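Shown next: coords-v4.pdb, given as PDB, C-alpha atoms.
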ATOM      1  CA  VAL A 177      -7.075  -4.843  11.752  1.00  0.00           C
ATOM      2  CA  LYS A 178      -6.485  -4.176   8.066  1.00  0.00           C
ATOM      3  CA  GLN A 179      -9.783  -2.315   7.791  1.00  0.00           C
ATOM      4  CA  ALA A 180      -9.026  -0.292  10.935  1.00  0.00           C
ATOM      5  CA  LYS A 181      -5.673   0.756   9.449  1.00  0.00           C
ATOM      6  CA  ALA A 182      -7.388   1.785   6.214  1.00  0.00           C
ATOM      7  CA  GLU A 183      -9.936   3.877   8.127  1.00  0.00           C
ATOM      8  CA  ALA A 184      -7.152   5.519  10.143  1.00  0.00           C
ATOM      9  CA  GLU A 185      -5.283   6.390   6.952  1.00  0.00           C
ATOM     10  CA  GLN A 186      -8.455   7.913   5.471  1.00  0.00           C
ATOM     11  CA  SER A 187      -8.823   9.998   8.632  1.00  0.00           C
ATOM     12  CA  ARG A 188      -5.226  11.197   8.354  1.00  0.00           C
ATOM     13  CA  ILE A 189      -5.818  12.138   4.721  1.00  0.00           C
ATOM     14  CA  SER A 190      -8.952  14.067   5.690  1.00  0.00           C
ATOM     15  CA  VAL A 191      -7.049  15.997   8.358  1.00  0.00           C
ATOM     16  CA  ARG A 192      -4.296  16.843   5.870  1.00  0.00           C
ATOM     17  CA  ASN A 193      -6.860  17.989   3.293  1.00  0.00           C
ATOM     18  CA  ILE A 194      -8.457  20.295   5.843  1.00  0.00           C
ATOM     19  CA  ARG A 195      -4.987  21.661   6.686  1.00  0.00           C
ATOM     20  CA  ARG A 196      -4.322  22.319   3.001  1.00  0.00           C
ATOM     21  CA  ASP A 197      -7.636  24.166   2.589  1.00  0.00           C
ATOM     22  CA  VAL A 198      -7.069  26.322   5.669  1.00  0.00           C
ATOM     23  CA  LEU A 199      -3.516  27.173   4.610  1.00  0.00           C
ATOM     24  CA  ALA A 200      -4.854  28.172   1.186  1.00  0.00           C
ATOM     25  CA  ALA A 201      -7.391  30.453   2.862  1.00  0.00           C
ATOM     26  CA  VAL A 202      -4.638  32.042   4.946  1.00  0.00           C
ATOM     27  CA  GLN A 203      -2.538  32.541   1.803  1.00  0.00           C
ATOM     28  CA  SER A 204      -5.519  34.201   0.164  1.00  0.00           C
ATOM     29  CA  LEU A 205      -5.860  36.593   3.107  1.00  0.00           C
ATOM     30  CA  LEU A 206      -2.164  37.413   2.816  1.00  0.00           C
ATOM     31  CA  LYS A 207      -2.503  37.985  -0.928  1.00  0.00           C
ATOM     32  CA  ASP A 208      -5.423  40.340  -0.324  1.00  0.00           C
ATOM     33  CA  LYS A 209      -3.294  42.123   2.312  1.00  0.00           C
ATOM     34  CA  GLU A 210      -5.840  41.438   5.057  1.00  0.00           C
ATOM     35  CA  ILE A 211      -3.120  39.891   7.260  1.00  0.00           C
ATOM     36  CA  THR A 212       0.625  40.413   7.594  1.00  0.00           C
ATOM     37  CA  GLU A 213       3.350  37.900   6.753  1.00  0.00           C
ATOM     38  CA  ASP A 214       3.983  37.430  10.482  1.00  0.00           C
ATOM     39  CA  ASP A 215       0.305  36.581  11.005  1.00  0.00           C
ATOM     40  CA  GLU A 216       0.484  34.133   8.103  1.00  0.00           C
ATOM     41  CA  ARG A 217       3.567  32.446   9.553  1.00  0.00           C
ATOM     42  CA  ARG A 218       2.038  32.235  13.047  1.00  0.00           C
ATOM     43  CA  SER A 219      -1.186  30.838  11.595  1.00  0.00           C
ATOM     44  CA  GLY A 220       0.729  28.229   9.618  1.00  0.00           C
ATOM     45  CA  ASP A 221       2.611  27.112  12.733  1.00  0.00           C
ATOM     46  CA  GLU A 222      -0.595  26.905  14.762  1.00  0.00           C
ATOM     47  CA  ILE A 223      -2.389  24.980  12.010  1.00  0.00           C
ATOM     48  CA  GLN A 224       0.518  22.508  11.871  1.00  0.00           C
ATOM     49  CA  LYS A 225       0.405  22.003  15.659  1.00  0.00           C
ATOM     50  CA  ILE A 226      -3.321  21.283  15.507  1.00  0.00           C
ATOM     51  CA  THR A 227      -2.817  18.901  12.576  1.00  0.00           C
ATOM     52  CA  ASP A 228      -0.070  17.033  14.432  1.00  0.00           C
ATOM     53  CA  LYS A 229      -2.274  16.779  17.519  1.00  0.00           C
ATOM     54  CA  PHE A 230      -5.153  15.219  15.597  1.00  0.00           C
ATOM     55  CA  ILE A 231      -2.920  12.815  13.657  1.00  0.00           C
ATOM     56  CA  ALA A 232      -1.354  11.683  16.942  1.00  0.00           C
ATOM     57  CA  GLU A 233      -4.846  11.139  18.348  1.00  0.00           C
ATOM     58  CA  ILE A 234      -5.796   9.051  15.299  1.00  0.00           C
ATOM     59  CA  ASP A 235      -2.636   6.963  15.739  1.00  0.00           C
ATOM     60  CA  GLN A 236      -3.402   6.453  19.428  1.00  0.00           C
ATOM     61  CA  LEU A 237      -6.977   5.374  18.705  1.00  0.00           C
ATOM     62  CA  LEU A 238      -5.719   2.989  16.031  1.00  0.00           C
ATOM     63  CA  ALA A 239      -3.265   1.396  18.473  1.00  0.00           C
ATOM     64  CA  VAL A 240      -6.054   0.870  21.014  1.00  0.00           C
ATOM     65  CA  LYS A 241      -8.353  -0.606  18.359  1.00  0.00           C
ATOM     66  CA  GLU A 242      -5.638  -2.941  17.037  1.00  0.00           C
ATOM     67  CA  LYS A 243      -4.949  -4.185  20.543  1.00  0.00           C
ATOM     68  CA  ASP A 244      -8.679  -4.721  21.119  1.00  0.00           C
ATOM     69  CA  LEU A 245      -9.117  -6.624  17.844  1.00  0.00           C
ATOM     70  CA  LEU A 246      -6.070  -8.822  18.395  1.00  0.00           C
ATOM     71  CA  GLU A 247      -7.264  -9.831  21.886  1.00  0.00           C
ATOM     72  CA  VAL A 248     -10.391 -11.461  20.502  1.00  0.00           C
TER      73      VAL A 248
END
Show the structure stored in the file as structure tokens.
Amino acid sequence: VKQAKAEAEQSRISVRNIRRDVLAAVQSLLKDKEITEDDERRSGDEIQKITDKFIAEIDQLLAVKEKDLLEV
């Protein structure tokens, strides 16, 4: 169970790192005036929704795995 929790945390960190990189790319587009501030804000909100969805999925998979491991 401890190892499963560690793997889940690493997955969450990976998702957050990807979010950070994508947000930086969006900021770069805004800086270069390739997108508007409204587009940047909408993109940030959408990226956050996707991030939350994947973190929730990781948490759900962890709960299932913990239950499976504790049954044995």
* To do: Select, from A:Arg195, A:Gln179, A:Gln236, A:Val202, the residue with the minimum atom-to-atom distance to Arg217 (chain A), counting all atoms listed in the file.
  =>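 With all atoms listed in the file as the atom set, the closest residue is A:Val202.
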* Non-local contacts of Ile231 (chain A) (12 Å; all atoms listed in the file; under 4 positions in same chain excluded) as number ranges by chain -> A: 184-192, 195, 224-227, 235-238
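Ranking A:Ala182, A:Leu199, A:Leu205, A:Ile194 by their shortest atom-to-atom distance to Ser219 (chain A), with all atoms listed in the file included, puts A:Leu199 first.
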Explicit residue set for the PyMOL selection byres ((chain A and resi 177) around 7), as a compact mmCIF listing (two decimals) with C-alpha atoms, in the coordinates of the input:
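Full text of out-v3.txt as output:
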# COMPACT_ATOMS: atom_id res chain seq x y z
CA LYS A 178 -6.48 -4.18 8.07
CA GLN A 179 -9.78 -2.32 7.79
CA ALA A 180 -9.03 -0.29 10.94
CA LYS A 181 -5.67 0.76 9.45
CA GLU A 242 -5.64 -2.94 17.04
CA LEU A 245 -9.12 -6.62 17.84
With 8 Å added on each side, what axis-aligned box encloses every listed atom of region 177-191 of chain A? Give the centre and edge lengths in Å to one decimal, as lines of an AutoDock Vina configuration file.
center_x = -7.6
center_y = 5.6
center_z = 8.2
size_x = 20.7
size_y = 36.8
size_z = 23.0
* Asked: Which one of A:Glu247, A:Lys229, A:Gly220, A:Glu213 sits closest to Ala200 (chain A) if you count all atoms listed in the file?
  ->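 Of A:Glu247, A:Lys229, A:Gly220, A:Glu213, the one nearest Ala200 (chain A) is A:Gly220, counting all atoms listed in the file.
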* Just give me the gap between CA of Asp244 (chain A) and CA of Phe230 (chain A) in Å, one decimal is fine. =>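 Result for CA of Asp244 (chain A) versus CA of Phe230 (chain A): 21.0 Å, one decimal.
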* Would you mind reading off the distance between CA of Val240 (chain A) and CA of Glu183 (chain A), one decimal, in Å? =>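 It comes out at 13.8 Å.
Of note, CA of Arg196 (chain A) and CA of Glu216 (chain A) are spaced 13.7 Å apart.
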* Which is closest to Ala201 (chain A) among A:Leu246, A:Ile234, A:Ala239, A:Ile223, if we use only C-alpha atoms? ->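 The shortest atom-to-atom distance to Ala201 (chain A) comes from A:Ile223.
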